[in-house]
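Visitor: File follows, final.cif with mmCIF, C-alpha atoms:
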```
data_input
#
loop_
_atom_site.label_atom_id
_atom_site.label_comp_id
_atom_site.auth_asym_id
_atom_site.auth_seq_id
_atom_site.Cartn_x
_atom_site.Cartn_y
_atom_site.Cartn_z
CA MET C 1 35.37 -7.78 1.84
CA ARG C 2 36.84 -4.30 2.20
CA ILE C 3 40.11 -2.97 0.86
CA VAL C 4 41.99 0.32 1.02
CA VAL C 5 43.37 0.90 -2.47
CA ASN C 6 47.15 1.41 -2.61
CA HIS C 7 47.95 0.02 -6.09
CA LEU C 8 46.42 1.77 -9.12
CA THR C 9 48.12 0.61 -12.28
CA ARG C 10 47.91 1.48 -15.97
CA MET C 11 47.43 -1.45 -18.30
CA GLN C 12 46.67 -1.27 -22.02
CA PRO C 13 44.69 1.89 -22.90
CA GLY C 14 41.24 1.72 -21.37
CA TYR C 15 42.14 -0.89 -18.74
CA ILE C 16 43.54 -0.77 -15.22
CA CYS C 17 44.67 -3.02 -12.40
CA VAL C 18 43.71 -2.32 -8.79
CA ALA C 19 44.80 -3.79 -5.47
CA GLY C 20 44.51 -2.82 -1.85
CA LEU C 21 45.14 -3.74 1.74
CA ASN C 22 42.49 -5.46 3.81
CA PRO C 23 42.35 -3.10 6.83
CA GLY C 24 41.50 -5.99 9.14
CA THR C 25 44.32 -8.35 8.17
CA GLY C 26 46.85 -6.02 6.52
CA LEU C 27 47.06 -8.45 3.58
CA HIS C 28 46.99 -7.43 -0.06
CA ILE C 29 43.92 -8.23 -2.14
CA ARG C 30 43.68 -7.90 -5.94
CA PRO C 31 40.07 -7.83 -7.24
CA VAL C 32 39.96 -9.64 -10.59
CA LEU C 33 37.39 -10.38 -13.27
CA ARG C 34 37.17 -13.02 -15.98
CA GLY C 35 38.18 -10.21 -18.31
CA ARG C 36 40.09 -7.00 -17.66
CA LEU C 37 39.14 -4.12 -15.35
CA SER C 38 37.89 -1.12 -17.31
CA ARG C 39 38.75 2.52 -16.57
CA SER C 40 35.02 2.94 -15.94
CA LEU C 41 35.72 1.49 -12.47
CA LEU C 42 37.78 4.57 -11.53
CA ARG C 43 36.15 7.13 -9.25
CA THR C 44 36.91 9.77 -11.87
CA GLU C 45 34.70 7.76 -14.25
CA GLY C 46 31.91 7.14 -11.76
CA GLY C 47 33.31 3.89 -10.31
CA PRO C 48 34.59 3.01 -6.82
CA PHE C 49 38.38 2.77 -7.13
CA ASP C 50 41.04 5.38 -6.34
CA ILE C 51 44.16 5.57 -4.20
CA GLY C 52 43.26 5.78 -0.51
CA ALA C 53 39.64 4.79 -1.09
CA LEU C 54 37.97 2.31 1.24
CA VAL C 55 35.99 0.05 -1.08
CA ASP C 56 33.63 -2.80 -0.26
CA ILE C 57 34.21 -5.28 -3.09
CA GLY C 58 31.51 -7.66 -1.83
CA GLU C 59 31.83 -11.42 -1.63
CA THR C 60 34.90 -12.84 -3.34
CA ILE C 61 36.28 -16.18 -4.45
CA SER C 62 39.98 -16.88 -4.18
CA GLU C 63 41.66 -17.47 -7.53
CA GLY C 64 45.21 -17.08 -6.26
CA ALA C 65 48.09 -19.11 -7.67
CA ALA C 66 51.78 -18.38 -7.19
CA PRO C 67 52.91 -15.74 -7.40
CA GLU C 68 49.49 -14.02 -7.73
CA VAL C 69 48.24 -15.36 -4.41
CA GLU C 70 46.30 -12.13 -3.81
CA ASP C 71 43.77 -12.62 -6.64
CA GLN C 72 40.12 -12.56 -5.56
CA ALA C 73 37.31 -12.82 -8.10
CA PHE C 74 34.60 -10.21 -7.45
CA THR C 75 31.46 -8.84 -9.07
CA SER C 76 32.33 -5.39 -10.37
CA TRP C 77 28.86 -3.83 -10.11
CA LYS C 78 28.69 -4.79 -6.43
CA ALA C 79 31.89 -2.88 -5.54
CA THR C 80 31.02 0.22 -3.52
CA TYR C 81 33.12 3.27 -2.69
CA LEU C 82 32.68 4.05 1.02
CA HIS C 83 35.03 6.97 1.72
CA ASP C 84 38.62 8.13 1.54
CA VAL C 85 40.65 7.13 4.58
CA ALA C 86 42.40 9.88 6.54
CA PRO C 87 45.91 10.67 5.23
CA ALA C 88 47.61 9.73 8.51
CA ALA C 89 45.68 6.46 8.70
CA PHE C 90 46.57 5.63 5.09
CA TRP C 91 50.28 6.25 5.74
CA ALA C 92 50.13 4.14 8.91
CA LEU C 93 48.52 1.29 6.95
CA LEU C 94 51.29 1.44 4.34
CA GLN C 95 53.99 1.51 7.03
CA ALA C 96 52.51 -1.51 8.80
CA ALA C 97 52.59 -3.50 5.53
CA ALA C 98 56.01 -2.31 4.36
CA GLN C 99 59.21 -4.33 4.16
CA ARG C 100 62.77 -3.12 3.59
CA ARG C 101 63.86 -5.90 1.24
CA LEU C 102 62.29 -7.06 -1.99
CA ASP C 103 62.92 -10.72 -1.17
CA ALA C 104 60.97 -10.28 2.08
CA ILE C 105 57.97 -9.45 -0.13
CA PHE C 106 58.37 -11.79 -3.09
CA GLY C 107 60.39 -14.57 -1.51
CA PRO C 108 63.83 -16.10 -2.12
CA ASP C 109 63.00 -16.97 -5.74
CA LEU C 110 63.26 -13.29 -6.71
CA GLN C 111 66.43 -12.74 -8.71
CA GLN C 112 68.16 -9.72 -10.13
CA THR C 113 67.74 -9.89 -13.91
CA GLY C 114 69.70 -7.24 -15.76
CA ALA C 115 68.87 -3.85 -14.27
CA SER C 116 65.63 -5.14 -12.72
CA CYS C 117 64.33 -8.24 -10.92
CA SER C 118 62.07 -11.12 -11.89
CA LEU C 119 60.47 -14.36 -10.81
CA GLU C 120 60.33 -17.49 -12.91
CA MET C 121 56.83 -18.52 -13.95
CA GLY C 122 54.79 -19.93 -11.09
CA LYS C 123 57.36 -19.06 -8.43
CA GLY C 124 57.33 -16.52 -5.63
CA GLN C 125 55.41 -16.12 -2.40
CA ALA C 126 53.53 -12.96 -3.45
CA SER C 127 53.00 -10.61 -6.36
CA LEU C 128 52.23 -7.44 -4.36
CA GLY C 129 53.82 -5.59 -1.48
CA CYS C 130 55.01 -2.32 0.01
CA LEU C 131 58.69 -1.37 0.17
CA ILE C 132 60.55 1.32 2.10
CA PRO C 133 63.57 1.90 -0.15
CA THR C 134 67.06 2.59 1.14
CA GLY C 135 68.69 5.91 0.27
CA ALA C 136 67.66 8.14 -2.61
CA SER C 137 65.19 7.06 -5.32
CA THR C 138 65.00 8.78 -8.70
CA LEU C 139 62.45 8.95 -11.51
CA SER C 140 63.20 9.28 -15.21
CA VAL C 141 61.29 9.32 -18.51
CA ASP C 142 62.86 7.15 -21.21
CA GLU C 143 62.91 7.60 -24.97
CA HIS C 144 59.76 5.50 -25.34
CA ASN C 145 57.87 7.77 -22.90
CA GLY C 146 57.93 5.13 -20.20
CA ILE C 147 58.68 6.09 -16.60
CA ARG C 148 61.30 4.26 -14.58
CA MET C 149 62.48 4.45 -10.99
CA ARG C 150 65.96 3.64 -9.78
CA PHE C 151 65.97 2.62 -6.13
CA SER C 152 67.66 0.34 -3.62
CA ASP C 153 66.58 -1.97 -0.87
CA GLU C 154 68.98 -3.29 1.75
CA ALA C 155 70.54 -5.70 -0.76
CA LEU C 156 69.91 -4.59 -4.36
CA THR C 157 69.91 -1.52 -6.57
CA VAL C 158 67.47 -1.83 -9.47
CA SER C 159 65.67 0.12 -12.17
CA ALA C 160 62.02 -0.79 -12.67
CA PRO C 161 59.15 0.56 -14.77
CA VAL C 162 56.57 2.73 -13.03
CA THR C 163 52.97 1.87 -13.91
CA ASP C 164 51.32 4.34 -11.50
CA LEU C 165 48.16 5.51 -13.31
CA ARG C 166 48.36 8.98 -11.73
CA MET C 167 51.58 9.70 -13.64
CA PHE C 168 49.96 9.23 -17.07
CA HIS C 169 47.42 11.05 -19.20
CA ASP C 170 44.11 9.38 -19.98
CA ASP C 171 45.62 7.64 -23.00
CA GLN C 172 47.69 5.72 -20.41
CA ARG C 173 50.73 6.10 -22.66
CA SER C 174 51.88 9.72 -22.28
CA PRO C 175 53.56 10.71 -19.00
CA ARG C 176 52.21 13.68 -17.06
CA LEU C 177 55.55 15.42 -17.00
CA GLU C 178 54.47 18.00 -14.42
CA VAL C 179 53.57 15.18 -12.04
CA VAL C 180 56.86 13.37 -12.62
CA ALA C 181 58.79 16.62 -12.10
CA ASP C 182 56.95 17.38 -8.85
CA LEU C 183 57.55 13.89 -7.46
CA SER C 184 61.21 14.01 -8.54
CA LYS C 185 61.75 17.30 -6.70
CA ARG C 186 60.20 15.99 -3.51
CA LEU C 187 62.17 12.74 -3.68
CA ALA C 188 65.38 14.76 -4.12
CA HIS C 189 64.49 16.73 -0.99
CA GLY C 190 64.33 13.51 1.00
CA VAL C 191 60.57 13.23 1.52
CA PRO C 192 59.83 9.74 2.95
CA VAL C 193 58.60 7.28 0.32
CA ILE C 194 56.81 3.95 0.35
CA LEU C 195 56.54 2.06 -2.92
CA SER C 196 53.60 -0.20 -3.76
CA VAL C 197 55.50 -2.81 -5.75
CA GLY C 198 54.38 -5.79 -7.77
CA VAL C 199 55.39 -8.25 -10.43
CA SER C 200 53.74 -8.45 -13.83
CA ARG C 201 51.79 -11.35 -15.20
CA GLY C 202 54.23 -13.71 -16.89
CA TRP C 203 55.51 -12.67 -20.31
CA THR C 204 58.56 -13.31 -22.44
CA LYS C 205 60.79 -10.28 -22.80
CA PRO C 206 62.41 -9.88 -26.25
CA GLY C 207 65.70 -11.72 -26.20
CA ASP C 208 64.74 -13.84 -23.21
CA ALA C 209 64.28 -17.60 -23.45
CA ALA C 210 61.30 -17.98 -21.12
CA PRO C 211 58.42 -16.00 -19.64
CA ARG C 212 58.99 -14.25 -16.33
CA HIS C 213 57.14 -12.09 -13.83
CA TRP C 214 58.90 -8.70 -13.91
CA LEU C 215 59.23 -6.23 -11.05
CA GLN C 216 57.31 -2.97 -11.43
CA ILE C 217 56.37 0.06 -9.31
CA ASN C 218 52.58 0.15 -9.18
CA SER C 219 52.19 3.30 -7.05
CA VAL C 220 54.49 5.83 -5.38
CA HIS C 221 53.44 7.23 -1.99
CA LEU C 222 55.18 10.21 -0.39
CA GLY C 223 54.96 11.04 3.30
CA ASP C 224 54.34 14.76 2.90
CA LYS C 225 51.06 14.00 1.09
CA PRO C 226 50.08 10.37 1.59
CA LEU C 227 46.54 10.65 0.27
CA TRP C 228 47.12 11.81 -3.31
CA ASN C 229 44.63 10.29 -5.71
CA GLN C 230 43.43 10.33 -9.30
CA VAL C 231 40.59 12.71 -8.45
CA GLU C 232 43.11 15.28 -7.21
CA VAL C 233 45.40 14.77 -10.22
CA GLU C 234 42.56 15.61 -12.59
CA GLN C 235 41.46 18.57 -10.46
CA THR C 236 45.01 19.94 -10.43
CA TYR C 237 46.23 19.18 -13.95
CA GLY C 238 42.99 18.66 -15.86
CA ARG C 239 42.00 15.80 -18.13
CA SER C 240 43.88 15.16 -21.33
CA SER C 241 43.99 12.29 -23.79
CA GLY C 242 47.75 12.72 -24.10
CA ALA C 243 50.70 15.07 -24.12
CA SER C 244 51.66 16.47 -27.52
CA ASP C 245 55.10 17.68 -26.46
CA LEU C 246 57.20 15.48 -24.20
CA ASP C 247 60.37 17.56 -24.49
CA GLY C 248 61.75 20.24 -22.26
CA LEU C 249 61.85 18.70 -18.78
CA PRO C 250 65.22 17.45 -17.48
CA PHE C 251 65.06 13.84 -16.24
#
```
Go ahead and render the structure in this file as structure tokens.
Guide:
Amino acid sequence: MRIVVNHLTRMQPGYICVAGLNPGTGLHIRPVLRGRLSRSLLRTEGGPFDIGALVDIGETISEGAAPEVEDQAFTSWKATYLHDVAPAAFWALLQAAAQRRLDAIFGPDLQQTGASCSLEMGKGQASLGCLIPTGASTLSVDEHNGIRMRFSDEALTVSAPVTDLRMFHDDQRSPRLEVVADLSKRLAHGVPVILSVGVSRGWTKPGDAAPRHWLQINSVHLGDKPLWNQVEVEQTYGRSSGASDLDGLPF
């Protein structure tokens, strides 16, 4: 099976989550292991995965269950990087998969929960998708050094955490503030955007009574430079275990 990677997500330090679109069917596929995916599977670490990469993940076994219907068990050492797709082709693939409403992606069980959205455990028709937001979208860095995006679809306005690996240093905790500032400027100038969105694995938020799958932004794609990957981030900004000073940029 082949996928074009369009979700590249930070997890706990040292671990990532990856998903992509099957170029033949246009459906999302999430390669999963019995354990977690290591950063060693990134192209920057000698592995196959990066945004816009066409990767042959080999034979897979479906392990999907609502809402994570996209899960496919694979053998990590058999996954092979083939090449980066052309920027125009990558953007066209995202556009073909994109919806304009969150409930068109996740199904009618998606509900606004506080400032964000969630699914109850075991509900929802999908856990991954692409969204073309309505109007302006904005990024911000919060007091805990998390990144959030405020955006709207045709029905809702929400604020969701951004887990896009390219926006964080190698410690996967500290935001790359130069990257966030650059994206913010381009968003403010009206550059077209497609969001690779997902919902988390189920967990109980402090103060909540039950576990939920929470909306998050897995990757942000801008039309003026569709094929922007982790390799380019490290070439442009260098590698760093973390930022020592997170002050001084206005978000």
Visitor: Expanded to explicit residues, what is the PyMOL selection byres ((chain C and resi 75) around 8) for this file, as a PyMOL selection string?
Guide: chain C and resi 33+57-60+73-74+76-79
Visitor: List the spatial neighbours of Met149 in chain C as a PDB file with C-alpha atoms, keeping the file's coordinate frame - criterion: any atom at most 12 Å away, all atoms listed in the file, same-chain residues fewer than 3 positions off excluded.
Guide:
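File produced: result_37.pdb:
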```
ATOM      1  CA  ALA C 115      68.870  -3.850 -14.270  1.00  0.00           C
ATOM      2  CA  SER C 116      65.630  -5.140 -12.720  1.00  0.00           C
ATOM      3  CA  PRO C 133      63.570   1.900  -0.150  1.00  0.00           C
ATOM      4  CA  ALA C 136      67.660   8.140  -2.610  1.00  0.00           C
ATOM      5  CA  SER C 137      65.190   7.060  -5.320  1.00  0.00           C
ATOM      6  CA  THR C 138      65.000   8.780  -8.700  1.00  0.00           C
ATOM      7  CA  LEU C 139      62.450   8.950 -11.510  1.00  0.00           C
ATOM      8  CA  SER C 140      63.200   9.280 -15.210  1.00  0.00           C
ATOM      9  CA  VAL C 141      61.290   9.320 -18.510  1.00  0.00           C
ATOM     10  CA  ASP C 142      62.860   7.150 -21.210  1.00  0.00           C
ATOM     11  CA  GLY C 146      57.930   5.130 -20.200  1.00  0.00           C
ATOM     12  CA  SER C 152      67.660   0.340  -3.620  1.00  0.00           C
ATOM     13  CA  THR C 157      69.910  -1.520  -6.570  1.00  0.00           C
ATOM     14  CA  VAL C 158      67.470  -1.830  -9.470  1.00  0.00           C
ATOM     15  CA  SER C 159      65.670   0.120 -12.170  1.00  0.00           C
ATOM     16  CA  ALA C 160      62.020  -0.790 -12.670  1.00  0.00           C
ATOM     17  CA  PRO C 161      59.150   0.560 -14.770  1.00  0.00           C
ATOM     18  CA  VAL C 162      56.570   2.730 -13.030  1.00  0.00           C
ATOM     19  CA  THR C 163      52.970   1.870 -13.910  1.00  0.00           C
ATOM     20  CA  ASP C 164      51.320   4.340 -11.500  1.00  0.00           C
ATOM     21  CA  VAL C 180      56.860  13.370 -12.620  1.00  0.00           C
ATOM     22  CA  LEU C 183      57.550  13.890  -7.460  1.00  0.00           C
ATOM     23  CA  SER C 184      61.210  14.010  -8.540  1.00  0.00           C
ATOM     24  CA  LEU C 187      62.170  12.740  -3.680  1.00  0.00           C
ATOM     25  CA  LEU C 195      56.540   2.060  -2.920  1.00  0.00           C
ATOM     26  CA  VAL C 197      55.500  -2.810  -5.750  1.00  0.00           C
ATOM     27  CA  LEU C 215      59.230  -6.230 -11.050  1.00  0.00           C
ATOM     28  CA  GLN C 216      57.310  -2.970 -11.430  1.00  0.00           C
ATOM     29  CA  ILE C 217      56.370   0.060  -9.310  1.00  0.00           C
ATOM     30  CA  ASN C 218      52.580   0.150  -9.180  1.00  0.00           C
ATOM     31  CA  SER C 219      52.190   3.300  -7.050  1.00  0.00           C
ATOM     32  CA  VAL C 220      54.490   5.830  -5.380  1.00  0.00           C
ATOM     33  CA  PHE C 251      65.060  13.840 -16.240  1.00  0.00           C
TER      34      PHE C 251
END
```
Visitor: What does the PyMOL selection byres ((chain C and resi 179) around 9) select in this file, as a list in words?
Guide: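 So the PyMOL selection byres ((chain C and resi 179) around 9), applied here, picks out Arg166, Met167, Phe168, Pro175, Arg176, Leu177, Glu178, Val180, Ala181, Asp182, Leu183, Ser184, Val233 and Tyr237 of chain C.
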Visitor: Show me the residues close to (43.1, -4.9, 1.8) - anything with an atom within 10 Å, counting all atoms listed in the file - and format the list as number ranges by chain.
Guide: C: 1-6, 19-31, 54-56, 70, 93
Visitor: So how far away is CA of Leu42 in chain C from CA of Gln230 in chain C, in Å?
Guide: 8.4 Å
Visitor: Which residues match the PyMOL selection byres ((chain C and resi 44-51) around 6) in the file above, as a list in words?
Guide: Val5, Asn6, Ser40, Leu41, Leu42, Arg43, Gly52, Ala53, Thr80, Tyr81, Asn229 and Val231 of chain C
Visitor: Keeping only C-alpha atoms, write the selected residues as a PDB file, in the coordinates of the input.
Guide:
```pdb
ATOM      1  CA  VAL C   5      43.370   0.900  -2.470  1.00  0.00           C
ATOM      2  CA  ASN C   6      47.150   1.410  -2.610  1.00  0.00           C
ATOM      3  CA  SER C  40      35.020   2.940 -15.940  1.00  0.00           C
ATOM      4  CA  LEU C  41      35.720   1.490 -12.470  1.00  0.00           C
ATOM      5  CA  LEU C  42      37.780   4.570 -11.530  1.00  0.00           C
ATOM      6  CA  ARG C  43      36.150   7.130  -9.250  1.00  0.00           C
ATOM      7  CA  GLY C  52      43.260   5.780  -0.510  1.00  0.00           C
ATOM      8  CA  ALA C  53      39.640   4.790  -1.090  1.00  0.00           C
ATOM      9  CA  THR C  80      31.020   0.220  -3.520  1.00  0.00           C
ATOM     10  CA  TYR C  81      33.120   3.270  -2.690  1.00  0.00           C
ATOM     11  CA  ASN C 229      44.630  10.290  -5.710  1.00  0.00           C
ATOM     12  CA  VAL C 231      40.590  12.710  -8.450  1.00  0.00           C
TER      13      VAL C 231
END
```
Visitor: If we count all atoms listed in the file and set the cut-off at 6 Å, which residues sit around range 101-103 of chain C, ignoring sequence neighbours fewer than 4 positions away in its own chain? Please answer as number ranges by chain.
Guide: C: 107-108, 153-154
Visitor: Just give me the gap between CA of His221 in chain C and CA of His169 in chain C in Å, one decimal is fine.
Guide: 18.6 Å
Visitor: Please compute the CA of Leu37 in chain C-CA of Cys17 in chain C distance, one decimal, in Å.
Guide: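 Between CA of Leu37 in chain C and CA of Cys17 in chain C the gap is 6.4 Å.
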